[in-house]
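Below is one structure, written out as structure tokens; comments come after it.
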Amino acid sequence: MDESRSLQDDTSITQGEVILPICEGVAFQRRGHKARTLSPEEVEKLVQDPVLVSDFKQLKLEQEAQKNWDLFYKRNSTNFFKDRHWTTREFEELKSCREVSMFHQNPLYDTQRCKVFQCDLTKDDLLENIPSESVDVVTLIFVLSAVHPEKMHLVLQNIYKVLKPGTCVLFRDYGLYDHAMLRFKPANKLGENFYVRQDGTRSYFFQDEFLAQLFLSVGFEQVANDYVLRETVNKKEGLCVPRVFLQSKFRKPKRAT
């Protein structure tokens with residue numbers, strides 16, 4: 001993608017725009033098919049940002065990706081993530097948090113019917129732990145952005161094998177021009193829309209066309225693929241932060257009858 005062209009050609013959301021209810025700390029939220037419009041200063045910053053991270057360091061980051069995320073979770077435990085109440089609002093396919101909690105507390109709960117395991121989706125075959133075409137729904141919520149762009153298709157191929165025909169992958173992740181993307185310094189840039197944090201974990205910021213092509217190339221059908229734009233307000237600090245996410249559903253086709 002020609003980054004300078006795409007940055008300058010973006011327009012604000014108009015057609016297909018959906019204004020969503022305001023919640024605490026959020027000035028507004030809307031959904032549509034266009035990414036956020038950038039200021040001239042933001043355009044200039046992104047156009048001029050070179051890829052400064054050396055090939056040697058990029059290879060080291062790829063090799064140590066699991067270690068860096070392990071350290072992240074060791075450091076933050078569950079304190080880093082707030083309750084994702086929006087998941088049941090946005091994805092009707094998911095059970096409520098309360099229902100899941102009740103399920104765990106049920107005396108009939110059988111650990112033999114619930115399997116938790118560690119897996120590198122880019123190289124570990126899910127079929128070693130999950131039967132073929134046995135899964136009703138897959139959630140990729142802030143997962144794929146941590147994977148190197150050149151390996152994302154391997155994740156989707158892996159998931160495709162265990163998903164039942166006619167069922168969906170529910171996706172939400174960082175979108176193009178999110179505030180987090182604009183905060184990165186040039187020295188943190190690994191490639192187009194791909195950055196590394198100070199702790200060594202990496203993050204990719206998705207364009208809707210890129211994501212759609214990624215899923216379609218594996219065999220999925222597109223159900224929905226929209227940008228979600230929010231302005232998170234911190235009144236105490238006097239800050240208004242523009243957030244951009246990409247929220248999508250892709251379905252494994254049903255078998256022809």
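To be explicit about the labels: the chains of the structure tokens are called A, B, and onward in the order shown, and within each one the residues are counted from 1, while ligands get numbers from 1 in the order they are shown.
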
For Leu176 of chain A, find every residue with an atom within 12 Å (counting only C-alpha atoms), except residues of its own chain fewer than 6 positions away, and show them as a ChimeraX atom specification. /A:3,6-7,10,33-38,46,145,182,192-194,203-211,226-229,242-247

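The smallest atom-to-atom distance between Phe142 of chain A and any of A:Asp199, A:Glu64, A:Asp120, A:Asp173, using only C-alpha atoms, is found for A:Asp173.
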
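Proximity ranking of A:Glu62, A:Asp124, A:Glu150, A:Asp178 relative to Glu42 of chain A places A:Asp178 first, based on only C-alpha atoms.
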
Which residues are close to Gln58 of chain A, i.e. within 12 Å by only C-alpha atoms, leaving aside same-chain residues fewer than 6 positions away? Reply as a PyMOL selection string. chain A and resi 51-52+64-65+148+187-191+194-196+200-202

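Considering only C-alpha atoms, the residue among A:Lys185, A:Lys45, A:Arg172, A:His179 positioned nearest to Asn225 of chain A is A:Arg172.
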
Go through A:Phe117, A:Thr111, A:Lys57, A:Gly166 one by one, measure the shortest atom-to-atom distance of each to Ala256 of chain A using only C-alpha atoms, and give the residue with the smallest value. A:Gly166

Nearby residues (only C-alpha atoms) at most 9 Å from segment 129-140 of chain A, same-chain spacing under 6 positions excluded, as a PyMOL selection string: chain A and resi 93-94+115+117+159-173

Writer output for current selection, C-alpha atoms, as a CSV table (one decimal), in the first residue's frame:
chain,number,residue,atom,x,y,z
A,93,GLU,CA,-22.8,-15.3,19.5
A,94,LEU,CA,-21.0,-15.1,22.9
A,115,LYS,CA,-9.6,-28.1,27.7
A,117,PHE,CA,-3.8,-25.5,26.5
A,159,ILE,CA,-8.4,-21.9,12.9
A,160,TYR,CA,-10.2,-22.8,9.6
A,161,LYS,CA,-9.5,-26.5,10.2
A,162,VAL,CA,-11.3,-26.8,13.5
A,163,LEU,CA,-14.2,-24.4,12.8
A,164,LYS,CA,-17.5,-26.0,11.8
A,165,PRO,CA,-18.8,-25.0,8.4
A,166,GLY,CA,-21.3,-22.1,8.6
A,167,THR,CA,-19.8,-20.7,11.8
A,168,CYS,CA,-17.8,-17.6,12.4
A,169,VAL,CA,-14.6,-16.0,13.6
A,170,LEU,CA,-15.4,-12.9,15.7
A,171,PHE,CA,-12.6,-10.3,15.3
A,172,ARG,CA,-11.7,-7.1,17.0
A,173,ASP,CA,-8.3,-5.4,17.1

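Note that DSSP on the backbone gives helix (DSSP H, G or I) to these residues of segment 101-145 of chain A: Ser101, Met102, Phe103, His104, Gln105, Thr111, Gln112, Arg113, Leu126, Leu127, Glu128, Leu144 and Ser145 of chain A.
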
How about saving the chosen residues, N, CA and C atoms kept, as a PDB file, in the first residue's frame?
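Output file out14.pdb is given in full below:
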ATOM      1  N   SER A 101     -19.563 -17.489  34.442  1.00  0.00           N
ATOM      2  CA  SER A 101     -19.227 -17.634  35.859  1.00  0.00           C
ATOM      3  C   SER A 101     -20.107 -18.683  36.521  1.00  0.00           C
ATOM      4  N   MET A 102     -21.382 -18.651  36.214  1.00  0.00           N
ATOM      5  CA  MET A 102     -22.315 -19.641  36.780  1.00  0.00           C
ATOM      6  C   MET A 102     -21.966 -21.049  36.300  1.00  0.00           C
ATOM      7  N   PHE A 103     -21.515 -21.127  35.070  1.00  0.00           N
ATOM      8  CA  PHE A 103     -21.132 -22.422  34.511  1.00  0.00           C
ATOM      9  C   PHE A 103     -19.966 -23.027  35.298  1.00  0.00           C
ATOM     10  N   HIS A 104     -18.985 -22.187  35.610  1.00  0.00           N
ATOM     11  CA  HIS A 104     -17.824 -22.663  36.364  1.00  0.00           C
ATOM     12  C   HIS A 104     -18.200 -23.089  37.780  1.00  0.00           C
ATOM     13  N   GLN A 105     -19.201 -22.445  38.356  1.00  0.00           N
ATOM     14  CA  GLN A 105     -19.613 -22.741  39.724  1.00  0.00           C
ATOM     15  C   GLN A 105     -20.567 -23.926  39.815  1.00  0.00           C
ATOM     16  N   THR A 111     -14.115 -30.782  34.144  1.00  0.00           N
ATOM     17  CA  THR A 111     -12.884 -30.298  33.511  1.00  0.00           C
ATOM     18  C   THR A 111     -12.473 -31.151  32.320  1.00  0.00           C
ATOM     19  N   GLN A 112     -12.973 -32.377  32.259  1.00  0.00           N
ATOM     20  CA  GLN A 112     -12.634 -33.236  31.122  1.00  0.00           C
ATOM     21  C   GLN A 112     -13.335 -32.768  29.845  1.00  0.00           C
ATOM     22  N   ARG A 113     -14.327 -31.903  30.008  1.00  0.00           N
ATOM     23  CA  ARG A 113     -15.044 -31.399  28.840  1.00  0.00           C
ATOM     24  C   ARG A 113     -14.609 -29.972  28.487  1.00  0.00           C
ATOM     25  N   LEU A 126      -3.583 -27.126  15.637  1.00  0.00           N
ATOM     26  CA  LEU A 126      -4.714 -27.208  16.554  1.00  0.00           C
ATOM     27  C   LEU A 126      -5.374 -28.579  16.551  1.00  0.00           C
ATOM     28  N   LEU A 127      -5.221 -29.310  15.464  1.00  0.00           N
ATOM     29  CA  LEU A 127      -5.834 -30.640  15.379  1.00  0.00           C
ATOM     30  C   LEU A 127      -5.242 -31.622  16.383  1.00  0.00           C
ATOM     31  N   GLU A 128      -4.104 -31.285  16.961  1.00  0.00           N
ATOM     32  CA  GLU A 128      -3.519 -32.141  18.000  1.00  0.00           C
ATOM     33  C   GLU A 128      -4.290 -32.045  19.313  1.00  0.00           C
ATOM     34  N   LEU A 144      -4.560 -11.175  16.862  1.00  0.00           N
ATOM     35  CA  LEU A 144      -3.818 -11.218  15.602  1.00  0.00           C
ATOM     36  C   LEU A 144      -2.811 -10.073  15.476  1.00  0.00           C
ATOM     37  N   SER A 145      -3.062  -8.960  16.140  1.00  0.00           N
ATOM     38  CA  SER A 145      -2.140  -7.819  16.048  1.00  0.00           C
ATOM     39  C   SER A 145      -0.778  -8.125  16.652  1.00  0.00           C
TER      40      SER A 145
END

From a DSSP calculation on the backbone, collect every residue of segment 145-184 of chain A in strand (DSSP E) and output the set as a ChimeraX atom specification. /A:163-174

Grab the residues selected above and save them as a short mmCIF file (atom, residue, chain, number, x, y, z; two decimals), in the first residue's frame with all heavy atoms.
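Everything below was put into out-v1.cif:
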data_model
loop_
_atom_site.label_atom_id
_atom_site.label_comp_id
_atom_site.auth_asym_id
_atom_site.auth_seq_id
_atom_site.Cartn_x
_atom_site.Cartn_y
_atom_site.Cartn_z
N LEU A 163 -12.89 -25.11 12.80
CA LEU A 163 -14.18 -24.42 12.82
C LEU A 163 -15.22 -25.18 12.01
O LEU A 163 -14.95 -25.67 10.91
CB LEU A 163 -14.01 -23.02 12.25
CG LEU A 163 -15.11 -21.98 12.49
CD1 LEU A 163 -15.25 -21.69 13.97
CD2 LEU A 163 -14.79 -20.70 11.72
N LYS A 164 -16.44 -25.30 12.56
CA LYS A 164 -17.52 -25.96 11.84
C LYS A 164 -17.93 -25.13 10.62
O LYS A 164 -17.93 -23.90 10.67
CB LYS A 164 -18.74 -26.12 12.75
CG LYS A 164 -18.60 -27.10 13.88
CD LYS A 164 -19.89 -27.14 14.70
CE LYS A 164 -19.78 -28.11 15.87
NZ LYS A 164 -21.02 -28.12 16.69
N PRO A 165 -18.31 -25.78 9.51
CA PRO A 165 -18.83 -25.03 8.36
C PRO A 165 -20.08 -24.23 8.76
O PRO A 165 -20.93 -24.70 9.51
CB PRO A 165 -19.19 -26.13 7.36
CG PRO A 165 -18.31 -27.29 7.73
CD PRO A 165 -18.20 -27.23 9.22
N GLY A 166 -20.15 -23.00 8.30
CA GLY A 166 -21.29 -22.15 8.60
C GLY A 166 -21.15 -21.34 9.87
O GLY A 166 -22.05 -20.56 10.22
N THR A 167 -20.04 -21.49 10.59
CA THR A 167 -19.83 -20.73 11.82
C THR A 167 -18.74 -19.67 11.63
O THR A 167 -18.04 -19.67 10.63
CB THR A 167 -19.48 -21.65 13.00
OG1 THR A 167 -18.30 -22.40 12.67
CG2 THR A 167 -20.61 -22.64 13.27
N CYS A 168 -18.61 -18.78 12.62
CA CYS A 168 -17.84 -17.55 12.42
C CYS A 168 -16.62 -17.39 13.31
O CYS A 168 -16.55 -17.95 14.41
CB CYS A 168 -18.75 -16.34 12.65
SG CYS A 168 -19.99 -16.08 11.37
N VAL A 169 -15.70 -16.57 12.81
CA VAL A 169 -14.62 -16.00 13.60
C VAL A 169 -15.05 -14.57 13.95
O VAL A 169 -15.42 -13.80 13.07
CB VAL A 169 -13.29 -15.96 12.83
CG1 VAL A 169 -12.23 -15.22 13.65
CG2 VAL A 169 -12.82 -17.35 12.50
N LEU A 170 -15.03 -14.23 15.24
CA LEU A 170 -15.36 -12.89 15.70
C LEU A 170 -14.05 -12.16 15.97
O LEU A 170 -13.24 -12.61 16.77
CB LEU A 170 -16.21 -12.95 16.97
CG LEU A 170 -17.44 -13.86 16.91
CD1 LEU A 170 -18.20 -13.82 18.22
CD2 LEU A 170 -18.35 -13.47 15.75
N PHE A 171 -13.86 -11.05 15.30
CA PHE A 171 -12.57 -10.34 15.31
C PHE A 171 -12.73 -8.92 15.82
O PHE A 171 -13.66 -8.21 15.45
CB PHE A 171 -12.00 -10.31 13.89
CG PHE A 171 -10.72 -9.53 13.74
CD1 PHE A 171 -9.50 -10.18 13.81
CD2 PHE A 171 -10.74 -8.15 13.53
CE1 PHE A 171 -8.31 -9.45 13.66
CE2 PHE A 171 -9.57 -7.43 13.39
CZ PHE A 171 -8.35 -8.09 13.45
N ARG A 172 -11.82 -8.51 16.69
CA ARG A 172 -11.69 -7.09 17.05
C ARG A 172 -10.24 -6.84 17.40
O ARG A 172 -9.63 -7.61 18.15
CB ARG A 172 -12.59 -6.72 18.22
CG ARG A 172 -12.45 -5.23 18.62
CD ARG A 172 -13.71 -4.71 19.24
NE ARG A 172 -13.52 -3.46 19.96
CZ ARG A 172 -14.48 -2.56 20.14
NH1 ARG A 172 -15.69 -2.79 19.64
NH2 ARG A 172 -14.27 -1.45 20.81
N ASP A 173 -9.69 -5.74 16.84
CA ASP A 173 -8.28 -5.44 17.08
C ASP A 173 -8.01 -3.98 16.73
O ASP A 173 -8.91 -3.25 16.33
CB ASP A 173 -7.39 -6.38 16.24
CG ASP A 173 -6.15 -6.83 17.01
OD1 ASP A 173 -5.56 -5.98 17.69
OD2 ASP A 173 -5.78 -8.02 16.90
N TYR A 174 -6.74 -3.59 16.88
CA TYR A 174 -6.36 -2.21 16.62
C TYR A 174 -6.55 -1.86 15.15
O TYR A 174 -6.15 -2.60 14.26
CB TYR A 174 -4.90 -1.99 17.00
CG TYR A 174 -4.60 -2.25 18.45
CD1 TYR A 174 -3.85 -3.36 18.84
CD2 TYR A 174 -5.08 -1.40 19.45
CE1 TYR A 174 -3.57 -3.61 20.17
CE2 TYR A 174 -4.81 -1.64 20.78
CZ TYR A 174 -4.07 -2.74 21.14
OH TYR A 174 -3.81 -2.99 22.45
#

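Take the candidates A:Pro186, A:Lys235, A:Ala180, A:Val155 and check each one against Val47 of chain A using only C-alpha atoms; the shortest distance goes to A:Pro186.
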
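With distances restricted to only C-alpha atoms, A:Thr122 is the closest residue to Lys151 of chain A from A:Thr122, A:Tyr177, A:Leu61, A:Val116.
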